[in-house]
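Peer 1: The structure file model.txt (compact mmCIF, C-alpha atoms and all ligand atoms) is provided below.
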# COMPACT_ATOMS: atom_id res chain seq x y z
CA MET A 1 71.77 98.26 -43.45
CA THR A 2 70.33 98.00 -39.97
CA ASP A 3 72.25 98.79 -36.78
CA LEU A 4 70.51 96.01 -34.94
CA THR A 5 73.23 93.70 -33.67
CA GLN A 6 73.46 89.95 -33.41
CA GLU A 7 73.99 90.46 -29.68
CA THR A 8 70.55 92.06 -29.34
CA ILE A 9 68.88 89.37 -31.41
CA SER A 10 70.65 86.60 -29.49
CA ALA A 11 69.59 88.14 -26.16
CA GLU A 12 65.96 88.27 -27.34
CA ILE A 13 66.15 84.63 -28.40
CA ALA A 14 67.68 83.56 -25.07
CA ASP A 15 65.03 85.44 -23.12
CA ARG A 16 62.22 83.85 -25.07
CA HIS A 17 63.69 80.35 -24.72
CA GLN A 18 64.03 80.90 -21.00
CA ARG A 19 60.38 81.88 -20.67
CA GLU A 20 59.17 78.95 -22.76
CA GLN A 21 61.33 76.28 -21.20
CA GLY A 22 59.44 73.00 -20.98
CA SER A 23 56.46 74.24 -23.02
CA GLY A 24 56.90 71.28 -25.35
CA ALA A 25 55.66 73.40 -28.27
CA VAL A 26 56.59 71.72 -31.54
CA HIS A 27 56.04 74.43 -34.11
CA PRO A 28 57.68 77.85 -34.28
CA ARG A 29 56.04 80.62 -32.32
CA ARG A 30 54.42 82.84 -34.97
CA ASP A 31 54.89 85.82 -32.68
CA PHE A 32 58.68 85.74 -32.57
CA PRO A 33 60.10 89.29 -32.78
CA PRO A 34 63.77 88.28 -33.14
CA TYR A 35 62.67 87.44 -36.70
CA ARG A 36 61.60 91.01 -37.42
CA SER A 37 59.29 90.25 -40.36
CA THR A 38 56.94 88.37 -38.01
CA VAL A 39 55.99 91.56 -36.15
CA LEU A 40 53.12 92.58 -38.44
CA ARG A 41 52.45 89.13 -39.85
CA HIS A 42 51.29 87.01 -36.91
CA PRO A 43 47.70 86.81 -35.65
CA THR A 44 47.13 88.27 -32.20
CA HIS A 45 43.98 86.25 -31.50
CA GLU A 46 44.24 82.66 -30.33
CA LEU A 47 43.52 80.20 -33.12
CA VAL A 48 39.96 78.92 -32.99
CA ARG A 49 39.61 75.20 -32.46
CA ALA A 50 37.69 73.61 -35.34
CA ASP A 51 36.42 70.11 -35.80
CA PRO A 52 37.79 68.85 -39.11
CA GLU A 53 35.15 67.82 -41.62
CA GLU A 54 35.54 65.39 -44.47
CA ILE A 55 37.42 67.77 -46.77
CA GLU A 56 39.99 68.52 -44.08
CA LEU A 57 40.56 64.84 -43.33
CA VAL A 58 41.64 64.01 -46.86
CA SER A 59 44.38 65.45 -49.02
CA PRO A 60 44.90 66.46 -52.63
CA ALA A 61 46.21 63.58 -54.74
CA PHE A 62 49.32 63.85 -56.87
CA GLY A 63 50.93 61.25 -59.06
CA HIS A 64 53.51 60.51 -61.69
CA THR A 65 51.48 62.46 -64.23
CA ASP A 66 52.22 65.52 -62.09
CA VAL A 67 55.91 64.87 -61.42
CA ALA A 68 58.49 63.26 -63.67
CA ALA A 69 61.05 60.91 -62.12
CA HIS A 70 64.01 63.08 -63.15
CA GLU A 71 62.70 66.04 -61.12
CA SER A 72 64.13 64.45 -57.98
CA ASP A 73 67.66 65.06 -59.30
CA LEU A 74 68.52 68.76 -59.11
CA THR A 75 71.94 68.17 -60.67
CA ILE A 76 70.72 67.11 -64.14
CA GLN A 77 68.51 70.02 -65.11
CA HIS A 78 71.09 71.80 -67.26
CA ALA A 79 73.74 70.99 -69.84
CA GLY A 80 76.55 70.85 -67.28
CA GLU A 81 77.14 69.71 -63.73
CA PRO A 82 76.47 72.28 -61.01
CA LEU A 83 79.31 73.40 -58.77
CA GLY A 84 79.45 72.27 -55.17
CA GLU A 85 79.27 69.23 -53.00
CA ARG A 86 76.94 66.61 -54.54
CA ILE A 87 74.64 65.11 -51.91
CA ILE A 88 71.81 62.59 -51.61
CA VAL A 89 68.99 63.39 -49.17
CA THR A 90 66.72 60.48 -48.37
CA GLY A 91 64.25 59.44 -45.71
CA ARG A 92 60.64 58.56 -45.04
CA VAL A 93 57.49 60.57 -44.50
CA LEU A 94 55.29 59.11 -41.74
CA ASP A 95 52.08 60.12 -40.04
CA GLY A 96 51.73 60.48 -36.28
CA ASP A 97 50.93 56.78 -35.88
CA GLY A 98 54.06 55.80 -37.75
CA ARG A 99 52.24 54.84 -40.94
CA PRO A 100 53.98 55.73 -44.20
CA VAL A 101 52.62 58.66 -46.20
CA GLY A 102 52.87 57.06 -49.64
CA GLY A 103 52.20 58.51 -53.09
CA GLN A 104 52.37 62.10 -51.88
CA LEU A 105 54.04 65.19 -53.26
CA ILE A 106 57.30 66.63 -51.91
CA GLU A 107 58.60 69.92 -53.29
CA VAL A 108 62.04 71.40 -52.54
CA TRP A 109 63.90 74.61 -53.30
CA GLN A 110 67.29 75.86 -52.22
CA ALA A 111 70.24 78.17 -52.77
CA ASN A 112 73.22 77.05 -54.82
CA ALA A 113 76.59 76.10 -53.33
CA GLY A 114 77.49 79.79 -52.99
CA GLY A 115 74.33 80.64 -51.06
CA ARG A 116 72.47 82.30 -53.96
CA TYR A 117 68.91 81.54 -55.06
CA ALA A 118 68.03 81.60 -58.73
CA HIS A 119 65.26 84.04 -57.74
CA LYS A 120 65.11 87.53 -59.20
CA ARG A 121 64.77 89.12 -55.77
CA ASP A 122 67.85 87.48 -54.25
CA GLN A 123 70.41 90.31 -54.06
CA HIS A 124 73.24 88.34 -52.41
CA PRO A 125 76.38 89.15 -54.47
CA ALA A 126 77.38 85.50 -54.81
CA PRO A 127 77.54 83.95 -58.26
CA LEU A 128 74.60 82.28 -59.91
CA ASP A 129 75.38 78.82 -61.23
CA PRO A 130 74.11 78.40 -64.80
CA ASN A 131 73.88 74.68 -64.13
CA PHE A 132 71.79 74.89 -61.01
CA THR A 133 68.25 76.16 -60.50
CA GLY A 134 67.61 74.54 -57.13
CA VAL A 135 64.01 73.36 -57.57
CA GLY A 136 62.94 69.71 -57.35
CA ARG A 137 59.93 67.51 -56.74
CA CYS A 138 59.16 63.88 -56.10
CA ILE A 139 56.33 61.55 -55.15
CA THR A 140 56.88 59.39 -52.06
CA GLY A 141 56.99 55.61 -52.48
CA GLU A 142 54.37 53.35 -50.94
CA ASP A 143 56.62 53.05 -47.88
CA GLY A 144 56.74 56.85 -47.56
CA SER A 145 60.31 57.00 -48.84
CA TYR A 146 61.84 59.76 -50.90
CA ARG A 147 65.30 60.33 -52.37
CA LEU A 148 66.73 63.52 -53.80
CA THR A 149 70.06 64.24 -55.45
CA THR A 150 71.28 67.81 -55.19
CA ILE A 151 74.13 70.13 -54.19
CA LYS A 152 74.76 71.14 -50.60
CA PRO A 153 73.43 74.71 -50.38
CA GLY A 154 75.60 77.48 -48.97
CA PRO A 155 74.64 79.68 -46.02
CA TYR A 156 73.52 83.16 -47.06
CA PRO A 157 73.17 86.64 -45.59
CA TRP A 158 69.83 88.33 -44.99
CA ARG A 159 68.76 91.69 -43.64
CA ASN A 160 67.05 90.81 -40.37
CA HIS A 161 69.91 92.46 -38.46
CA ARG A 162 73.52 93.42 -39.10
CA ASN A 163 75.64 90.43 -40.15
CA ALA A 164 72.68 88.05 -40.17
CA TRP A 165 73.33 84.71 -41.88
CA ARG A 166 70.98 81.79 -42.45
CA PRO A 167 72.39 78.33 -41.72
CA ALA A 168 72.52 76.17 -44.85
CA HIS A 169 69.09 74.68 -45.51
CA ILE A 170 66.79 73.11 -48.07
CA HIS A 171 63.16 74.26 -48.12
CA PHE A 172 60.67 71.35 -48.14
CA SER A 173 56.92 71.24 -48.75
CA PHE A 174 54.89 68.14 -47.76
CA PHE A 175 51.33 66.90 -48.15
CA GLY A 176 50.04 64.31 -45.71
CA THR A 177 47.02 62.04 -45.77
CA ALA A 178 44.88 64.94 -44.51
CA PHE A 179 45.07 68.59 -45.57
CA THR A 180 45.49 69.47 -41.88
CA GLN A 181 48.88 67.69 -42.06
CA ARG A 182 50.19 70.12 -44.66
CA LEU A 183 53.74 71.15 -43.78
CA VAL A 184 56.28 73.62 -45.16
CA THR A 185 59.61 73.56 -43.39
CA GLN A 186 63.40 73.67 -43.81
CA MET A 187 65.95 70.89 -43.46
CA TYR A 188 69.34 71.77 -41.97
CA PHE A 189 72.76 70.10 -41.94
CA PRO A 190 74.45 68.71 -38.83
CA GLY A 191 76.92 70.85 -36.91
CA ASP A 192 76.13 74.19 -38.54
CA PRO A 193 77.83 76.96 -36.51
CA LEU A 194 74.99 79.37 -37.37
CA PHE A 195 72.21 77.45 -35.59
CA GLY A 196 72.48 79.39 -32.33
CA LEU A 197 72.41 82.74 -34.11
CA ASP A 198 69.45 82.20 -36.44
CA PRO A 199 66.08 83.57 -35.29
CA ILE A 200 64.18 81.44 -37.81
CA TYR A 201 65.63 78.16 -36.58
CA GLN A 202 65.42 79.33 -32.95
CA SER A 203 61.75 80.28 -33.33
CA ILE A 204 61.17 76.63 -32.41
CA THR A 205 61.72 77.05 -28.70
CA ASP A 206 61.93 73.34 -27.79
CA PRO A 207 65.48 72.03 -28.41
CA ALA A 208 64.27 68.48 -29.15
CA ALA A 209 61.80 69.78 -31.74
CA ARG A 210 64.49 71.97 -33.34
CA ALA A 211 66.81 69.00 -33.62
CA ARG A 212 64.21 67.16 -35.71
CA LEU A 213 64.91 69.58 -38.58
CA VAL A 214 68.57 68.54 -38.77
CA ALA A 215 69.44 65.71 -41.13
CA THR A 216 71.90 63.01 -40.10
CA TYR A 217 75.01 62.21 -42.08
CA ASP A 218 74.62 58.56 -43.12
CA HIS A 219 77.61 56.81 -44.61
CA GLU A 220 75.35 54.00 -45.84
CA VAL A 221 73.62 56.56 -48.06
CA SER A 222 76.86 58.02 -49.40
CA GLU A 223 77.91 56.63 -52.76
CA PRO A 224 81.58 55.92 -53.47
CA GLU A 225 83.25 58.42 -55.78
CA TRP A 226 79.92 60.18 -56.21
CA ALA A 227 77.96 61.82 -53.38
CA LEU A 228 77.63 62.23 -49.62
CA GLY A 229 74.46 60.95 -47.99
CA TYR A 230 72.06 62.51 -45.51
CA ARG A 231 69.02 60.96 -43.92
CA TRP A 232 66.00 62.95 -42.78
CA ASP A 233 62.70 61.42 -41.69
CA VAL A 234 59.60 63.57 -41.42
CA VAL A 235 56.46 63.13 -39.33
CA LEU A 236 53.14 64.79 -40.21
CA THR A 237 50.61 64.56 -37.39
CA GLY A 238 46.96 65.41 -37.14
CA PRO A 239 44.17 65.92 -37.64
CA GLY A 240 42.67 65.12 -34.25
CA ALA A 241 39.44 63.84 -35.73
CA THR A 242 38.16 62.55 -32.39
CA TRP A 243 37.97 66.01 -30.90
CA THR A 244 34.34 67.06 -30.32
CA GLU A 245 32.70 70.43 -30.54
CA PRO A 246 32.33 72.30 -27.24
CA GLU A 247 28.74 73.20 -26.34
CA ASP A 248 29.41 76.79 -25.32
CA PRO A 249 28.63 78.93 -28.38
CA ASP A 250 30.63 81.86 -27.04
CA HIS A 251 33.73 79.80 -26.45
CA ALA A 252 35.53 81.09 -29.51
CA MET B 1 54.87 57.33 -31.45
CA PRO B 2 57.01 59.33 -33.86
CA GLU B 3 57.15 63.02 -33.07
CA GLN B 4 55.89 65.81 -35.30
CA THR B 5 58.36 67.62 -37.51
CA PRO B 6 58.20 71.39 -36.88
CA GLY B 7 57.33 73.90 -39.60
CA GLN B 8 59.39 76.86 -40.79
CA THR B 9 58.55 79.92 -42.84
CA VAL B 10 58.20 79.55 -46.60
CA GLY B 11 60.68 82.46 -46.78
CA PRO B 12 61.05 85.04 -49.55
CA PHE B 13 62.23 82.81 -52.39
CA PHE B 14 59.44 80.26 -52.93
CA GLY B 15 58.20 82.18 -55.96
CA TYR B 16 60.28 80.29 -58.52
CA ALA B 17 59.56 76.90 -56.94
CA LEU B 18 56.01 76.48 -55.65
CA PRO B 19 53.68 78.41 -57.98
CA PHE B 20 52.94 76.46 -61.16
CA ASP B 21 51.20 77.09 -64.47
CA GLY B 22 47.45 76.90 -63.98
CA GLY B 23 47.89 76.75 -60.20
CA PRO B 24 45.04 79.16 -59.46
CA GLU B 25 42.71 77.48 -62.00
CA VAL B 26 41.24 74.69 -59.93
CA ARG B 27 38.29 74.77 -62.30
CA ALA B 28 38.87 76.17 -65.79
CA PRO B 29 37.29 79.65 -65.77
CA TRP B 30 35.24 78.95 -68.92
CA GLN B 31 33.44 76.04 -67.28
CA PRO B 32 29.81 76.91 -66.47
CA ASP B 33 30.20 75.99 -62.78
CA ALA B 34 33.41 77.99 -62.26
CA VAL B 35 33.41 80.74 -59.64
CA ARG B 36 36.07 83.28 -58.78
CA LEU B 37 37.40 83.48 -55.23
CA HIS B 38 39.82 86.31 -54.64
CA GLY B 39 41.01 88.95 -52.20
CA VAL B 40 44.03 90.65 -50.75
CA VAL B 41 46.33 89.53 -47.95
CA LEU B 42 47.00 92.33 -45.47
CA ASP B 43 49.44 92.70 -42.58
CA GLY B 44 48.91 94.32 -39.18
CA ALA B 45 49.52 97.79 -40.63
CA GLY B 46 46.91 97.20 -43.32
CA SER B 47 49.58 96.94 -46.01
CA PRO B 48 49.27 94.33 -48.73
CA VAL B 49 51.52 91.28 -48.40
CA PRO B 50 53.17 90.79 -51.79
CA ASP B 51 55.12 87.66 -50.83
CA ALA B 52 52.38 85.38 -49.57
CA MET B 53 51.03 82.22 -51.14
CA ILE B 54 47.49 80.93 -50.69
CA GLU B 55 46.42 77.34 -51.25
CA VAL B 56 42.81 76.30 -51.69
CA TRP B 57 41.35 72.85 -51.08
CA GLY B 58 37.67 72.18 -51.59
CA ALA B 59 35.10 69.55 -52.44
CA ASP B 60 33.37 69.30 -55.82
CA GLY B 61 29.89 70.51 -56.77
CA ASP B 62 28.38 67.43 -55.12
CA GLY B 63 30.28 68.02 -51.90
CA ARG B 64 32.75 65.20 -52.52
CA PRO B 65 36.51 65.63 -52.08
CA SER B 66 38.24 64.84 -55.36
CA THR B 67 40.57 61.90 -55.51
CA GLU B 68 41.75 62.86 -59.01
CA ARG B 69 45.46 63.30 -59.51
CA GLY B 70 46.73 66.07 -61.75
CA SER B 71 46.71 69.23 -59.67
CA LEU B 72 50.09 70.18 -61.10
CA ALA B 73 49.44 68.97 -64.65
CA ARG B 74 45.80 69.85 -65.03
CA ASP B 75 43.08 68.31 -67.16
CA PRO B 76 41.01 71.31 -68.33
CA ASN B 77 37.84 69.27 -67.93
CA GLY B 78 38.81 67.88 -64.54
CA PHE B 79 38.61 69.04 -60.98
CA THR B 80 41.14 68.10 -58.32
CA GLY B 81 40.02 70.61 -55.70
CA PHE B 82 43.53 71.91 -55.04
CA GLY B 83 45.01 75.20 -56.17
CA ARG B 84 47.81 77.59 -55.38
CA SER B 85 48.07 81.35 -55.93
CA ALA B 86 51.05 83.51 -55.04
CA THR B 87 50.00 87.06 -54.16
CA SER B 88 50.77 89.81 -56.65
CA ALA B 89 52.74 92.99 -55.90
CA ASP B 90 49.53 94.47 -54.47
CA GLY B 91 48.85 91.45 -52.24
CA HIS B 92 46.10 90.01 -54.42
CA TYR B 93 45.32 86.31 -54.78
CA ALA B 94 42.70 84.83 -57.09
CA PHE B 95 41.32 81.37 -57.82
CA SER B 96 38.88 79.94 -60.28
CA THR B 97 37.15 76.99 -58.60
CA VAL B 98 33.66 75.67 -57.80
CA LYS B 99 31.38 76.29 -54.87
CA PRO B 100 31.29 72.92 -53.12
CA GLY B 101 27.99 71.16 -52.70
CA VAL B 102 27.13 70.24 -49.14
CA GLY B 103 26.82 66.50 -49.78
CA ARG B 104 24.08 64.49 -48.15
CA SER B 105 22.42 66.96 -45.81
CA GLY B 106 25.83 68.37 -45.10
CA VAL B 107 27.01 65.19 -43.42
CA GLY B 108 30.51 64.20 -44.44
CA ARG B 109 30.73 60.73 -45.91
CA SER B 110 33.33 59.74 -43.36
CA GLY B 111 30.74 60.42 -40.69
CA VAL B 112 32.80 63.10 -39.02
CA GLY B 113 31.03 66.04 -40.60
CA ARG B 114 27.90 67.22 -38.89
CA SER B 115 24.53 68.15 -40.24
CA GLY B 116 23.99 71.83 -40.88
CA SER B 117 27.42 72.66 -42.20
CA ALA B 118 27.54 75.27 -44.93
CA PRO B 119 29.67 75.01 -48.08
CA TYR B 120 33.24 76.25 -47.70
CA VAL B 121 36.72 75.79 -49.08
CA VAL B 122 39.83 75.46 -46.91
CA LEU B 123 42.59 78.04 -47.31
CA ALA B 124 46.22 77.71 -46.24
CA VAL B 125 48.26 80.90 -45.92
CA PHE B 126 52.06 80.96 -46.28
CA ALA B 127 54.29 84.05 -46.28
CA ARG B 128 57.71 85.39 -45.56
CA GLY B 129 57.55 86.48 -41.92
CA LEU B 130 54.92 83.86 -41.13
CA LEU B 131 56.84 81.16 -39.30
CA HIS B 132 54.18 78.47 -39.59
CA HIS B 133 51.34 78.50 -42.11
CA LEU B 134 47.77 79.35 -41.11
CA LEU B 135 44.58 77.51 -42.01
CA THR B 136 41.16 79.07 -42.41
CA ARG B 137 37.90 78.57 -44.31
CA ALA B 138 36.13 80.63 -46.96
CA TYR B 139 32.35 80.37 -46.71
CA PHE B 140 30.07 81.95 -49.33
CA GLY B 141 28.09 85.15 -48.70
CA ASP B 142 25.13 84.06 -50.82
CA GLU B 143 24.38 81.12 -48.50
CA PRO B 144 22.94 83.02 -45.51
CA ASP B 145 20.63 80.22 -44.39
CA ALA B 146 23.33 77.55 -44.49
CA ASN B 147 25.86 79.86 -42.87
CA ALA B 148 23.42 80.57 -40.02
CA THR B 149 23.38 76.90 -39.06
CA ASP B 150 27.04 76.07 -39.68
CA PRO B 151 28.57 74.58 -36.53
CA LEU B 152 31.80 76.54 -36.78
CA LEU B 153 30.33 79.89 -37.83
CA ARG B 154 27.69 79.71 -35.08
CA ARG B 155 30.36 79.22 -32.47
CA LEU B 156 32.38 82.29 -33.50
CA ASP B 157 32.19 85.70 -31.93
CA PRO B 158 29.62 87.51 -34.17
CA ASP B 159 32.10 90.35 -34.63
CA ARG B 160 34.64 88.00 -36.17
CA ARG B 161 32.32 85.63 -38.05
CA GLY B 162 32.35 87.76 -41.18
CA THR B 163 36.08 87.30 -41.64
CA LEU B 164 35.34 83.78 -42.94
CA VAL B 165 32.49 84.71 -45.29
CA ALA B 166 33.40 85.76 -48.83
CA THR B 167 31.16 88.53 -50.14
CA VAL B 168 29.57 88.43 -53.58
CA ASP B 169 31.31 91.15 -55.60
CA GLY B 170 30.11 90.29 -59.09
CA PRO B 171 28.52 87.53 -61.14
CA ARG B 172 29.97 84.22 -59.90
CA SER B 173 32.65 86.13 -58.00
CA TYR B 174 33.42 86.13 -54.28
CA ARG B 175 35.87 88.26 -52.36
CA LEU B 176 37.58 87.36 -49.09
CA ASP B 177 40.41 89.53 -47.78
CA LEU B 178 42.77 87.84 -45.34
CA ARG B 179 44.05 90.02 -42.50
CA LEU B 180 46.97 88.45 -40.69
CA GLN B 181 46.76 90.85 -37.77
CA GLY B 182 44.92 93.84 -36.36
CA PRO B 183 41.41 95.21 -36.89
CA GLY B 184 39.30 92.65 -38.70
CA GLU B 185 41.92 89.95 -38.14
CA THR B 186 40.86 86.78 -39.93
CA VAL B 187 39.79 83.86 -37.75
CA PHE B 188 42.47 81.22 -38.18
CA LEU B 189 41.79 77.63 -37.23
CA ASP B 190 43.41 74.95 -35.13
CA TYR B 191 42.34 71.44 -36.02
CA GLY B 192 43.91 69.83 -33.01
CA THR B 193 47.26 69.25 -34.65
CA ALA B 194 50.40 69.77 -32.57
CA GLN B 195 51.14 73.34 -31.56
FE FE A 301 66.12 79.86 -47.70
Could you rewrite the structure in this file as structure tokens?
Ligand SMILES: [Fe+2]
Peer 2:
Amino acid sequence: MTDLTQETISAEIADRHQREQGSGAVHPRRDFPPYRSTVLRHPTHELVRADPEEIELVSPAFGHTDVAAHESDLTIQHAGEPLGERIIVTGRVLDGDGRPVGGQLIEVWQANAGGRYAHKRDQHPAPLDPNFTGVGRCITGEDGSYRLTTIKPGPYPWRNHRNAWRPAHIHFSFFGTAFTQRLVTQMYFPGDPLFGLDPIYQSITDPAARARLVATYDHEVSEPEWALGYRWDVVLTGPGATWTEPEDPDHA
Amino acid sequence: MPEQTPGQTVGPFFGYALPFDGGPEVRAPWQPDAVRLHGVVLDGAGSPVPDAMIEVWGADGDGRPSTERGSLARDPNGFTGFGRSATSADGHYAFSTVKPGVGRSGVGRSGVGRSGSAPYVVLAVFARGLLHHLLTRAYFGDEPDANATDPLLRRLDPDRRGTLVATVDGPRSYRLDLRLQGPGETVFLDYGTAQ
């Protein structure tokens, strides 16, 4: 186990946030050393600006032949009920102009209520739940809406530094109307005390952008005697089709 | 205007959720037009990345994007253009797909493509330790004339151009290694989406 302390990691995060104040960057910085695994896995060259062609301006199509309706309920995949706090997560997927992204695939995966993934490489000594796998899928409605039933995942330890813990989260994968809108991200729960300590969440240096990954508790979504409700809307922008090629051939 | 939702890393545990049966077989390998596209994903130390996932998205043999559903539940005679391959323990990914046609003189039907573009497929790279996925293109090494006039390839530094061109390494087989960092770092693309 590493001797790297939370104090060191937190200081690195604070320093980086300070330097990037007001940058307005939406996405995480790929070069973000407080998350140690990024060190050898981020490109050092600037990305090269490319004009999207037809293939990049459309997206793979998925439908109800690909995904069965029951896959949106992660609590009914086994003989018994999983342990934990039953929740409903619902919202809409929109593009940058506010139009719904309808008929598109959403995939989710998550730890169980004890913070353990049903993945062979998860070594966290928390119990597996024989009634919970933690994988779901759905197709958005024509209005971009989705609705999942699951269990609130637990926070879990990881080995980035000593006593490192991930805030509770659900992993989400989205397809937009263009392949350039592809998005893989994580949804968090309001008020998590681990937010400030987590280098993955804090790799988004703009506080307003970070906040967009946190679902809202919505009592209108909660169902009496059944489940608590969270709302999380998602926006997929791009692809900047009006951008035109620069003339300078050596620009890149 | 609604504001873009940020990305986050795919993490270490996607392997039991995102890969699916037949995911790498965009075109069934026994089909006469199937080609293999494969390579290794390498980090900045030149070590293979065993916990990456590559997605491919490409047009059909006539250069048309597919609008067929069924990428997850495949029709063996169909072609949806989309595939997914998790890397193996030695960092290897592999797809069976088709080499896209270039359409009408290479001009995209939406009018946004430009003449002269060479056939390519789009690749998306996800990995633990990669906080936001990367997009790139795989062009084909046996299309030297088309590649020479491609608007993107022409614009690239000649030293880096080759990182987007898959080399022929066997009958109907192309190899493109993806280097996330360091010598021979792959050219990754920004399509003007939010940073
Ligand atoms: Fe996770």
Peer 1: Counting all atoms listed in the file, select every polymer residue within 12 Å of (32.0, 89.7, -52.3) as defined in the file's coordinates, and provide the selection as a PDB file with C-alpha atoms, in the frame of the given file.
Peer 2:
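What landed in out39.pdb:
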ATOM      1  CA  VAL B  35      33.410  80.740 -59.640  1.00  0.00           C
ATOM      2  CA  ARG B  36      36.070  83.280 -58.780  1.00  0.00           C
ATOM      3  CA  LEU B  37      37.400  83.480 -55.230  1.00  0.00           C
ATOM      4  CA  HIS B  38      39.820  86.310 -54.640  1.00  0.00           C
ATOM      5  CA  GLY B  39      41.010  88.950 -52.200  1.00  0.00           C
ATOM      6  CA  ALA B 138      36.130  80.630 -46.960  1.00  0.00           C
ATOM      7  CA  TYR B 139      32.350  80.370 -46.710  1.00  0.00           C
ATOM      8  CA  PHE B 140      30.070  81.950 -49.330  1.00  0.00           C
ATOM      9  CA  GLY B 141      28.090  85.150 -48.700  1.00  0.00           C
ATOM     10  CA  ASP B 142      25.130  84.060 -50.820  1.00  0.00           C
ATOM     11  CA  GLY B 162      32.350  87.760 -41.180  1.00  0.00           C
ATOM     12  CA  THR B 163      36.080  87.300 -41.640  1.00  0.00           C
ATOM     13  CA  LEU B 164      35.340  83.780 -42.940  1.00  0.00           C
ATOM     14  CA  VAL B 165      32.490  84.710 -45.290  1.00  0.00           C
ATOM     15  CA  ALA B 166      33.400  85.760 -48.830  1.00  0.00           C
ATOM     16  CA  THR B 167      31.160  88.530 -50.140  1.00  0.00           C
ATOM     17  CA  VAL B 168      29.570  88.430 -53.580  1.00  0.00           C
ATOM     18  CA  ASP B 169      31.310  91.150 -55.600  1.00  0.00           C
ATOM     19  CA  GLY B 170      30.110  90.290 -59.090  1.00  0.00           C
ATOM     20  CA  PRO B 171      28.520  87.530 -61.140  1.00  0.00           C
ATOM     21  CA  ARG B 172      29.970  84.220 -59.900  1.00  0.00           C
ATOM     22  CA  SER B 173      32.650  86.130 -58.000  1.00  0.00           C
ATOM     23  CA  TYR B 174      33.420  86.130 -54.280  1.00  0.00           C
ATOM     24  CA  ARG B 175      35.870  88.260 -52.360  1.00  0.00           C
ATOM     25  CA  LEU B 176      37.580  87.360 -49.090  1.00  0.00           C
ATOM     26  CA  ASP B 177      40.410  89.530 -47.780  1.00  0.00           C
TER      27      ASP B 177
END
Peer 1: List every residue of region 183-224 of chain A that has an atom at most 7 Å from any atom of region 27-47 of chain A, and for each one report the closest atom pair and its distance in Å to one decimal, counting all atoms listed in the file, with rows sorted by chain and then by increasing residue number, as CSV.
Peer 2:
residue,atom,partner,partner_atom,distance
A:Pro199,CA,A:Tyr35,CA,5.3
A:Ile200,CA,A:Tyr35,CA,6.3
A:Ser203,CA,A:Pro28,CA,4.8
A:Ile204,CA,A:Pro28,CA,4.1
A:Thr205,CA,A:Pro28,CA,6.9
Peer 1: One decimal, in Å: what's the spacing between CA of Phe174 (chain A) and CA of Phe79 (chain B)?
Peer 2: 21.0 Å
Peer 1: Which of these, A:Asn131, A:Gln110, A:Gln181, A:Thr149, has the shortest distance to ligand FE 301 (chain A) once you count all atoms listed in the file?
Peer 2: A:Gln110
Peer 1: Rank B:Pro12, B:Gly81, B:Gly23, B:Pro76 by their smallest atom-to-atom distance to ligand FE 301 (chain A), using all atoms listed in the file, and report the top residue only.
Peer 2: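 Closest to ligand FE 301 (chain A), using all atoms listed in the file: B:Pro12.
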Peer 1: At a cut-off of 6 Å, which residues of chain B touch chain A? Count all atoms listed in the file and give the answer as a ChimeraX atom specification.
Peer 2: /B:1-2,4-8,17,43-44,65,67,69-70,72-73,108,112-113,129-131,155-156,180-181,188-193,195
Peer 1: Could you put an axis-aligned box around every listed atom of region 84-93 of chain B, padded by 3 Å on each side, and send me its centre and edge lengths in Å to one decimal, as lines of an AutoDock Vina configuration file?
Peer 2:
center_x = 49.0
center_y = 86.0
center_z = -54.4
size_x = 13.4
size_y = 22.9
size_z = 10.4
Peer 1: Using only C-alpha atoms, which residue out of A:Pro127, A:Pro207, A:Gly196, A:Gly115 lies closest to Tyr156 (chain A)?
Peer 2: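 Nearest candidate to Tyr156 (chain A) out of A:Pro127, A:Pro207, A:Gly196, A:Gly115: A:Gly115.
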Peer 1: CA of Tyr230 (chain A) to CA of Asp192 (chain A): how many Å, to one decimal?
Peer 2: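 Here the two named atoms are 14.2 Å from each other.
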Peer 1: I want to know what sits within 7 Å of Arg179 (chain B), based on all atoms listed in the file, with residues of the same chain fewer than 5 positions away left out; could you give that as number ranges by chain?
Peer 2: B: 41-43, 184-186
Peer 1: Would you mind telling me which residue in A:Pro155, A:Pro100, A:Pro82, A:Gly191 lies nearest to ligand FE 301 (chain A) when using all atoms listed in the file?
Peer 2: A:Pro155
Peer 1: For the contact check between chain B and ligand FE 301 (chain A), emit one row per residue of chain B within 12 Å, containing the shortest atom pair and the distance in Å rounded to one decimal, counting only C-alpha atoms and all ligand atoms, chain then rising number order, as a tab-separated table.
Peer 2:
residue	atom	partner	partner_atom	distance
B:Gln8	CA	A:FE301	FE	10.1
B:Thr9	CA	A:FE301	FE	9.0
B:Val10	CA	A:FE301	FE	8.0
B:Gly11	CA	A:FE301	FE	6.1
B:Pro12	CA	A:FE301	FE	7.5
B:Phe13	CA	A:FE301	FE	6.8
B:Phe14	CA	A:FE301	FE	8.5
B:Gly15	CA	A:FE301	FE	11.7
B:Ala17	CA	A:FE301	FE	11.7
B:Arg128	CA	A:FE301	FE	10.3
Peer 1: Pick out the closest residue to Val56 (chain B) from this set: B:Gln31, B:Ser85, B:Asn77, B:Ser117. Count all atoms listed in the file.
Peer 2: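 Checking each candidate against Val56 (chain B), we get B:Ser85 as the closest.
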